[in-house]
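S.K.: Coordinates in protein_19.cif, mmCIF, N, CA and C atoms, are listed below.
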data_coords
#
loop_
_atom_site.label_atom_id
_atom_site.label_comp_id
_atom_site.auth_asym_id
_atom_site.auth_seq_id
_atom_site.Cartn_x
_atom_site.Cartn_y
_atom_site.Cartn_z
N MET A 299 16.45 -53.16 59.03
CA MET A 299 15.67 -54.00 58.13
C MET A 299 16.64 -54.77 57.23
N ALA A 300 16.41 -56.05 57.08
CA ALA A 300 17.27 -56.90 56.28
C ALA A 300 17.09 -56.61 54.80
N GLU A 301 18.18 -56.72 54.06
CA GLU A 301 18.12 -56.54 52.61
C GLU A 301 17.38 -57.71 51.98
N PRO A 302 16.57 -57.49 50.95
CA PRO A 302 15.89 -58.59 50.27
C PRO A 302 16.91 -59.50 49.60
N ASP A 303 16.61 -60.79 49.56
CA ASP A 303 17.46 -61.78 48.91
C ASP A 303 17.01 -61.92 47.47
N PHE A 304 17.73 -61.26 46.54
CA PHE A 304 17.34 -61.27 45.14
C PHE A 304 17.82 -62.52 44.42
N SER A 305 18.53 -63.41 45.13
CA SER A 305 18.93 -64.66 44.49
C SER A 305 17.75 -65.61 44.40
N VAL A 306 16.72 -65.36 45.18
CA VAL A 306 15.50 -66.16 45.13
C VAL A 306 14.53 -65.45 44.19
N ALA A 307 13.88 -66.20 43.32
CA ALA A 307 12.94 -65.59 42.37
C ALA A 307 11.82 -64.88 43.13
N ARG A 308 11.58 -63.64 42.74
CA ARG A 308 10.50 -62.86 43.35
C ARG A 308 9.27 -62.98 42.49
N PRO A 309 8.09 -63.00 43.09
CA PRO A 309 6.86 -63.04 42.28
C PRO A 309 6.79 -61.81 41.38
N GLY A 310 6.44 -62.04 40.12
CA GLY A 310 6.32 -60.95 39.16
C GLY A 310 4.88 -60.46 39.07
N VAL A 311 4.72 -59.14 39.15
CA VAL A 311 3.39 -58.54 39.06
C VAL A 311 3.43 -57.48 37.95
N LEU A 312 2.49 -57.57 37.03
CA LEU A 312 2.36 -56.63 35.93
C LEU A 312 1.09 -55.82 36.10
N PHE A 313 1.22 -54.48 36.12
CA PHE A 313 0.08 -53.58 36.20
C PHE A 313 -0.10 -52.92 34.84
N VAL A 314 -1.32 -52.97 34.31
CA VAL A 314 -1.61 -52.41 32.99
C VAL A 314 -2.78 -51.44 33.12
N ASP A 315 -2.53 -50.18 32.79
CA ASP A 315 -3.58 -49.17 32.82
C ASP A 315 -3.14 -48.03 31.92
N ASP A 316 -4.03 -47.54 31.09
CA ASP A 316 -3.67 -46.45 30.18
C ASP A 316 -3.63 -45.10 30.88
N GLU A 317 -4.04 -45.04 32.13
CA GLU A 317 -4.00 -43.79 32.89
C GLU A 317 -2.76 -43.77 33.78
N GLU A 318 -1.82 -42.91 33.42
CA GLU A 318 -0.55 -42.82 34.16
C GLU A 318 -0.76 -42.51 35.64
N ASN A 319 -1.78 -41.68 35.95
CA ASN A 319 -2.00 -41.31 37.35
C ASN A 319 -2.39 -42.54 38.19
N VAL A 320 -3.11 -43.48 37.60
CA VAL A 320 -3.46 -44.71 38.31
C VAL A 320 -2.19 -45.53 38.57
N LEU A 321 -1.38 -45.70 37.52
CA LEU A 321 -0.13 -46.45 37.68
C LEU A 321 0.81 -45.77 38.68
N ASN A 322 0.88 -44.45 38.64
CA ASN A 322 1.74 -43.73 39.60
C ASN A 322 1.25 -43.92 41.03
N GLY A 323 -0.07 -43.92 41.22
CA GLY A 323 -0.62 -44.17 42.56
C GLY A 323 -0.30 -45.57 43.05
N LEU A 324 -0.43 -46.54 42.17
CA LEU A 324 -0.08 -47.92 42.53
C LEU A 324 1.41 -48.03 42.84
N ARG A 325 2.22 -47.41 42.00
CA ARG A 325 3.68 -47.44 42.19
C ARG A 325 4.05 -46.85 43.55
N ARG A 326 3.46 -45.70 43.89
CA ARG A 326 3.74 -45.06 45.19
C ARG A 326 3.28 -45.94 46.35
N ALA A 327 2.05 -46.44 46.25
CA ALA A 327 1.51 -47.25 47.34
C ALA A 327 2.35 -48.51 47.57
N LEU A 328 2.77 -49.13 46.50
CA LEU A 328 3.54 -50.36 46.64
C LEU A 328 4.99 -50.11 47.03
N SER A 329 5.54 -48.97 46.66
CA SER A 329 6.92 -48.69 47.06
C SER A 329 6.99 -48.37 48.55
N VAL A 330 5.94 -47.78 49.09
CA VAL A 330 5.90 -47.47 50.52
C VAL A 330 5.70 -48.74 51.33
N SER A 331 4.83 -49.63 50.86
CA SER A 331 4.50 -50.82 51.65
C SER A 331 5.38 -52.01 51.31
N GLY A 332 6.02 -51.98 50.14
CA GLY A 332 6.80 -53.13 49.71
C GLY A 332 8.18 -53.16 50.32
N ASP A 333 8.77 -54.34 50.30
CA ASP A 333 10.12 -54.48 50.83
C ASP A 333 11.02 -55.19 49.83
N GLY A 334 10.69 -55.04 48.55
CA GLY A 334 11.50 -55.66 47.52
C GLY A 334 11.16 -57.11 47.26
N GLU A 335 10.05 -57.59 47.83
CA GLU A 335 9.68 -58.99 47.63
C GLU A 335 9.05 -59.25 46.27
N TRP A 336 8.58 -58.21 45.59
CA TRP A 336 7.88 -58.39 44.32
C TRP A 336 8.69 -57.75 43.21
N ASP A 337 8.62 -58.34 42.05
CA ASP A 337 9.21 -57.77 40.84
C ASP A 337 8.08 -57.06 40.10
N LEU A 338 7.98 -55.74 40.25
CA LEU A 338 6.84 -54.98 39.75
C LEU A 338 7.14 -54.35 38.39
N HIS A 339 6.16 -54.44 37.48
CA HIS A 339 6.25 -53.82 36.16
C HIS A 339 4.97 -53.02 35.94
N PHE A 340 5.10 -51.84 35.33
CA PHE A 340 3.98 -50.95 35.08
C PHE A 340 3.97 -50.59 33.61
N VAL A 341 2.83 -50.81 32.93
CA VAL A 341 2.71 -50.55 31.50
C VAL A 341 1.47 -49.69 31.26
N SER A 342 1.67 -48.56 30.54
CA SER A 342 0.54 -47.69 30.25
C SER A 342 0.05 -47.82 28.80
N ASP A 343 0.82 -48.46 27.97
CA ASP A 343 0.43 -48.65 26.56
C ASP A 343 0.14 -50.12 26.33
N ALA A 344 -1.10 -50.45 26.12
CA ALA A 344 -1.52 -51.85 25.99
C ALA A 344 -0.82 -52.57 24.83
N ARG A 345 -0.31 -51.82 23.87
CA ARG A 345 0.40 -52.44 22.75
C ARG A 345 1.71 -53.09 23.20
N GLU A 346 2.22 -52.70 24.36
CA GLU A 346 3.47 -53.26 24.89
C GLU A 346 3.25 -54.54 25.69
N VAL A 347 2.00 -54.83 26.03
CA VAL A 347 1.72 -55.92 26.97
C VAL A 347 2.03 -57.31 26.40
N ILE A 348 1.52 -57.63 25.21
CA ILE A 348 1.71 -58.97 24.65
C ILE A 348 3.19 -59.29 24.45
N PRO A 349 4.00 -58.40 23.85
CA PRO A 349 5.42 -58.70 23.75
C PRO A 349 6.09 -58.92 25.12
N LEU A 350 5.67 -58.13 26.12
CA LEU A 350 6.22 -58.29 27.46
C LEU A 350 5.83 -59.64 28.05
N LEU A 351 4.57 -60.04 27.89
CA LEU A 351 4.12 -61.34 28.38
C LEU A 351 4.82 -62.50 27.68
N ASN A 352 5.23 -62.28 26.44
CA ASN A 352 5.95 -63.32 25.71
C ASN A 352 7.41 -63.42 26.14
N ARG A 353 7.94 -62.36 26.75
CA ARG A 353 9.33 -62.34 27.21
C ARG A 353 9.49 -62.73 28.67
N LEU A 354 8.56 -62.30 29.51
CA LEU A 354 8.68 -62.50 30.96
C LEU A 354 7.48 -63.26 31.51
N ALA A 355 7.73 -64.02 32.55
CA ALA A 355 6.63 -64.73 33.23
C ALA A 355 6.18 -63.89 34.43
N PHE A 356 4.87 -63.77 34.59
CA PHE A 356 4.30 -63.03 35.70
C PHE A 356 3.41 -63.96 36.51
N ASP A 357 3.41 -63.75 37.82
CA ASP A 357 2.52 -64.50 38.70
C ASP A 357 1.14 -63.86 38.76
N LEU A 358 1.11 -62.54 38.55
CA LEU A 358 -0.14 -61.79 38.65
C LEU A 358 -0.14 -60.66 37.63
N VAL A 359 -1.27 -60.49 36.95
CA VAL A 359 -1.48 -59.34 36.07
C VAL A 359 -2.71 -58.60 36.58
N VAL A 360 -2.53 -57.31 36.82
CA VAL A 360 -3.61 -56.44 37.26
C VAL A 360 -3.87 -55.47 36.11
N THR A 361 -5.09 -55.49 35.57
CA THR A 361 -5.37 -54.69 34.37
C THR A 361 -6.64 -53.87 34.49
N ASP A 362 -6.59 -52.71 33.87
CA ASP A 362 -7.78 -51.90 33.69
C ASP A 362 -8.66 -52.60 32.65
N VAL A 363 -9.95 -52.29 32.66
CA VAL A 363 -10.87 -52.87 31.68
C VAL A 363 -10.89 -52.05 30.40
N CYS A 364 -11.05 -50.76 30.52
CA CYS A 364 -11.22 -49.89 29.34
C CYS A 364 -9.90 -49.23 28.97
N MET A 365 -9.29 -49.73 27.89
CA MET A 365 -8.04 -49.17 27.39
C MET A 365 -8.08 -49.21 25.87
N PRO A 366 -7.37 -48.29 25.24
CA PRO A 366 -7.28 -48.35 23.77
C PRO A 366 -6.35 -49.48 23.33
N PHE A 367 -6.56 -49.98 22.14
CA PHE A 367 -5.74 -50.99 21.48
C PHE A 367 -5.98 -52.41 21.98
N LEU A 368 -6.04 -52.61 23.28
CA LEU A 368 -6.26 -53.94 23.87
C LEU A 368 -6.98 -53.71 25.18
N ASP A 369 -8.26 -54.11 25.25
CA ASP A 369 -8.97 -53.85 26.50
C ASP A 369 -8.70 -54.98 27.50
N GLY A 370 -9.12 -54.74 28.72
CA GLY A 370 -8.87 -55.70 29.79
C GLY A 370 -9.48 -57.06 29.55
N GLU A 371 -10.64 -57.09 28.93
CA GLU A 371 -11.29 -58.37 28.64
C GLU A 371 -10.44 -59.17 27.65
N GLN A 372 -9.94 -58.53 26.62
CA GLN A 372 -9.07 -59.21 25.66
C GLN A 372 -7.78 -59.68 26.33
N LEU A 373 -7.23 -58.85 27.21
CA LEU A 373 -6.00 -59.22 27.91
C LEU A 373 -6.22 -60.42 28.82
N VAL A 374 -7.33 -60.44 29.55
CA VAL A 374 -7.64 -61.59 30.42
C VAL A 374 -7.73 -62.86 29.59
N ARG A 375 -8.40 -62.80 28.46
CA ARG A 375 -8.52 -63.99 27.61
C ARG A 375 -7.16 -64.43 27.06
N TYR A 376 -6.31 -63.47 26.69
CA TYR A 376 -4.97 -63.82 26.20
C TYR A 376 -4.16 -64.51 27.31
N VAL A 377 -4.15 -63.92 28.49
CA VAL A 377 -3.39 -64.48 29.61
C VAL A 377 -3.91 -65.87 29.97
N SER A 378 -5.23 -66.04 29.97
CA SER A 378 -5.81 -67.34 30.29
C SER A 378 -5.36 -68.43 29.32
N ARG A 379 -5.17 -68.06 28.05
CA ARG A 379 -4.77 -69.04 27.03
C ARG A 379 -3.27 -69.26 26.95
N HIS A 380 -2.49 -68.20 27.18
CA HIS A 380 -1.06 -68.26 26.89
C HIS A 380 -0.14 -68.18 28.10
N CYS A 381 -0.67 -67.82 29.24
CA CYS A 381 0.17 -67.64 30.43
C CYS A 381 -0.39 -68.48 31.57
N LEU A 382 -0.33 -69.77 31.41
CA LEU A 382 -0.92 -70.68 32.39
C LEU A 382 -0.30 -70.45 33.77
N GLY A 383 -1.15 -70.42 34.77
CA GLY A 383 -0.70 -70.21 36.14
C GLY A 383 -0.64 -68.75 36.56
N THR A 384 -0.88 -67.84 35.62
CA THR A 384 -0.87 -66.41 35.95
C THR A 384 -2.25 -66.00 36.46
N GLU A 385 -2.27 -65.43 37.64
CA GLU A 385 -3.52 -64.93 38.22
C GLU A 385 -3.86 -63.58 37.61
N MET A 386 -5.15 -63.26 37.58
CA MET A 386 -5.62 -62.00 36.99
C MET A 386 -6.49 -61.24 37.98
N ILE A 387 -6.30 -59.93 38.00
CA ILE A 387 -7.20 -59.04 38.73
C ILE A 387 -7.59 -57.92 37.77
N VAL A 388 -8.88 -57.62 37.69
CA VAL A 388 -9.39 -56.57 36.84
C VAL A 388 -9.67 -55.34 37.70
N LEU A 389 -9.18 -54.19 37.25
CA LEU A 389 -9.50 -52.89 37.86
C LEU A 389 -10.57 -52.25 37.00
N SER A 390 -11.66 -51.83 37.60
CA SER A 390 -12.69 -51.20 36.79
C SER A 390 -13.49 -50.20 37.58
N GLY A 391 -13.71 -49.07 36.94
CA GLY A 391 -14.63 -48.08 37.47
C GLY A 391 -15.99 -48.21 36.80
N ARG A 392 -16.06 -49.02 35.75
CA ARG A 392 -17.30 -49.21 35.00
C ARG A 392 -18.01 -50.51 35.33
N TRP A 393 -17.25 -51.57 35.40
CA TRP A 393 -17.86 -52.87 35.70
C TRP A 393 -17.93 -53.05 37.21
N GLY A 394 -18.96 -53.72 37.65
CA GLY A 394 -19.02 -54.15 39.04
C GLY A 394 -18.50 -55.58 39.12
N GLN A 395 -18.43 -56.09 40.33
CA GLN A 395 -17.93 -57.45 40.53
C GLN A 395 -18.80 -58.47 39.80
N SER A 396 -20.12 -58.31 39.84
CA SER A 396 -21.01 -59.28 39.17
C SER A 396 -20.82 -59.23 37.65
N GLU A 397 -20.60 -58.05 37.08
CA GLU A 397 -20.35 -57.93 35.64
C GLU A 397 -19.03 -58.60 35.27
N THR A 398 -18.02 -58.41 36.11
CA THR A 398 -16.72 -59.06 35.87
C THR A 398 -16.88 -60.57 35.89
N PHE A 399 -17.57 -61.10 36.89
CA PHE A 399 -17.79 -62.54 36.98
C PHE A 399 -18.59 -63.05 35.78
N ARG A 400 -19.61 -62.29 35.37
CA ARG A 400 -20.45 -62.72 34.25
C ARG A 400 -19.62 -62.78 32.96
N ARG A 401 -18.80 -61.77 32.72
CA ARG A 401 -18.03 -61.71 31.47
C ARG A 401 -16.81 -62.61 31.48
N LEU A 402 -16.12 -62.71 32.63
CA LEU A 402 -14.81 -63.35 32.65
C LEU A 402 -14.73 -64.59 33.53
N GLY A 403 -15.71 -64.80 34.39
CA GLY A 403 -15.70 -65.96 35.27
C GLY A 403 -15.30 -65.58 36.68
N PRO A 404 -15.71 -66.38 37.65
CA PRO A 404 -15.48 -66.07 39.05
C PRO A 404 -14.02 -66.21 39.49
N GLU A 405 -13.18 -66.83 38.66
CA GLU A 405 -11.77 -66.99 39.04
C GLU A 405 -10.95 -65.71 38.86
N ILE A 406 -11.54 -64.71 38.22
CA ILE A 406 -10.86 -63.44 38.00
C ILE A 406 -11.11 -62.51 39.18
N GLY A 407 -10.04 -61.98 39.75
CA GLY A 407 -10.17 -61.04 40.86
C GLY A 407 -10.70 -59.70 40.37
N TYR A 408 -11.26 -58.93 41.26
CA TYR A 408 -11.86 -57.65 40.90
C TYR A 408 -11.55 -56.60 41.95
N LEU A 409 -11.15 -55.41 41.49
CA LEU A 409 -10.99 -54.25 42.36
C LEU A 409 -11.63 -53.05 41.67
N THR A 410 -12.30 -52.21 42.42
CA THR A 410 -12.84 -50.97 41.87
C THR A 410 -11.68 -50.00 41.72
N SER A 411 -11.50 -49.47 40.51
CA SER A 411 -10.34 -48.61 40.27
C SER A 411 -10.43 -47.29 41.02
N GLY A 412 -11.60 -46.89 41.47
CA GLY A 412 -11.73 -45.66 42.24
C GLY A 412 -11.22 -45.79 43.66
N ASN A 413 -11.08 -47.02 44.13
CA ASN A 413 -10.60 -47.24 45.50
C ASN A 413 -9.10 -47.44 45.50
N ALA A 414 -8.50 -47.18 46.63
CA ALA A 414 -7.07 -47.45 46.77
C ALA A 414 -6.86 -48.96 46.72
N LEU A 415 -5.75 -49.35 46.14
CA LEU A 415 -5.42 -50.76 46.08
C LEU A 415 -5.16 -51.27 47.49
N PRO A 416 -5.90 -52.28 47.91
CA PRO A 416 -5.64 -52.80 49.26
C PRO A 416 -4.31 -53.54 49.26
N ILE A 417 -3.42 -53.15 50.12
CA ILE A 417 -2.13 -53.81 50.22
C ILE A 417 -2.30 -54.97 51.20
N ARG A 418 -2.23 -56.16 50.65
CA ARG A 418 -2.46 -57.36 51.45
C ARG A 418 -1.15 -58.10 51.63
N PRO A 419 -1.05 -58.88 52.68
CA PRO A 419 0.18 -59.64 52.89
C PRO A 419 0.50 -60.52 51.68
N ARG A 420 1.78 -60.69 51.44
CA ARG A 420 2.26 -61.48 50.31
C ARG A 420 1.62 -62.87 50.29
N ALA A 421 1.44 -63.48 51.45
CA ALA A 421 0.89 -64.83 51.52
C ALA A 421 -0.54 -64.89 50.98
N GLU A 422 -1.29 -63.79 51.08
CA GLU A 422 -2.66 -63.79 50.54
C GLU A 422 -2.65 -63.66 49.03
N ILE A 423 -1.70 -62.90 48.48
CA ILE A 423 -1.64 -62.71 47.05
C ILE A 423 -0.96 -63.89 46.38
N PHE A 424 0.10 -64.40 46.99
CA PHE A 424 0.85 -65.52 46.44
C PHE A 424 0.90 -66.63 47.49
N PRO A 425 -0.21 -67.37 47.66
CA PRO A 425 -0.19 -68.43 48.66
C PRO A 425 0.83 -69.51 48.30
N ARG A 426 1.42 -70.09 49.30
CA ARG A 426 2.38 -71.17 49.07
C ARG A 426 1.64 -72.37 48.52
N LYS A 427 2.24 -73.01 47.53
CA LYS A 427 1.59 -74.17 46.90
C LYS A 427 2.05 -75.45 47.53
#
Here is a file; write its structure as structure tokens.
M.R.:
Amino acid sequence: MAEPDFSVARPGVLFVDDEENVLNGLRRALSVSGDGEWDLHFVSDAREVIPLLNRLAFDLVVTDVCMPFLDGEQLVRYVSRHCLGTEMIVLSGRWGQSETFRRLGPEIGYLTSGNALPIRPRAEIFPRK
């Protein structure tokens, strides 16, 4: 297997969830299926998210809905205003897809947090522009 070329910018993905077991599951799933093409960051304390977003650019933010200090809905609104071009996916065991669309709009992706994260080809997550 060829070594990844880190001289080329890799898409940045930020995962935010206050439950460490969810982040650990995502980390394991992505480390098994990934080949170094993504620059992955995992944050369990929502208070760390805004400073991180102000320092680094991300192509995708995947966030839980229910978290202390900064919930997913607040984070989606912040990213929409301050991180132009960043895609959002909401993980929720409480909201359904229709509730997510009603609250945040149809442009926000949705995954049920009880399900395993579907590992999709890079081209589907980061289509070429």
S.K.: Residues picked by the PyMOL selection byres ((chain A and resi 308-324) around 6) here, as a ChimeraX atom specification?
M.R.: /A:306-307,325-329,335-343,355-362,365
S.K.: Can you turn the PyMOL selection byres (((chain A and resi 380 and name CA) around 12) and name CA) into a concrete residue list for this file, as JSON, numbers by chain?
M.R.: {"A": [348, 349, 351, 352, 353, 355, 356, 373, 374, 375, 376, 377, 378, 379, 381, 382, 383, 384]}
S.K.: To one decimal place, how far is atom C of A:Arg400 from atom CA of A:Ala344 in Å?
M.R.: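 Pair atom C of A:Arg400 / atom CA of A:Ala344 returns 22.3 Å.
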S.K.: Please, what distance in Å, to one decimal, runs between atom C of A:Glu397 and atom CA of A:Glu346?
M.R.: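 For atom C of A:Glu397 relative to atom CA of A:Glu346, the distance reads 25.3 Å.
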S.K.: Please report the interatomic distance between atom N of A:Thr410 and atom N of A:Ser390 in Å with one decimal.
M.R.: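 Atom N of A:Thr410 sits 4.9 Å away from atom N of A:Ser390.
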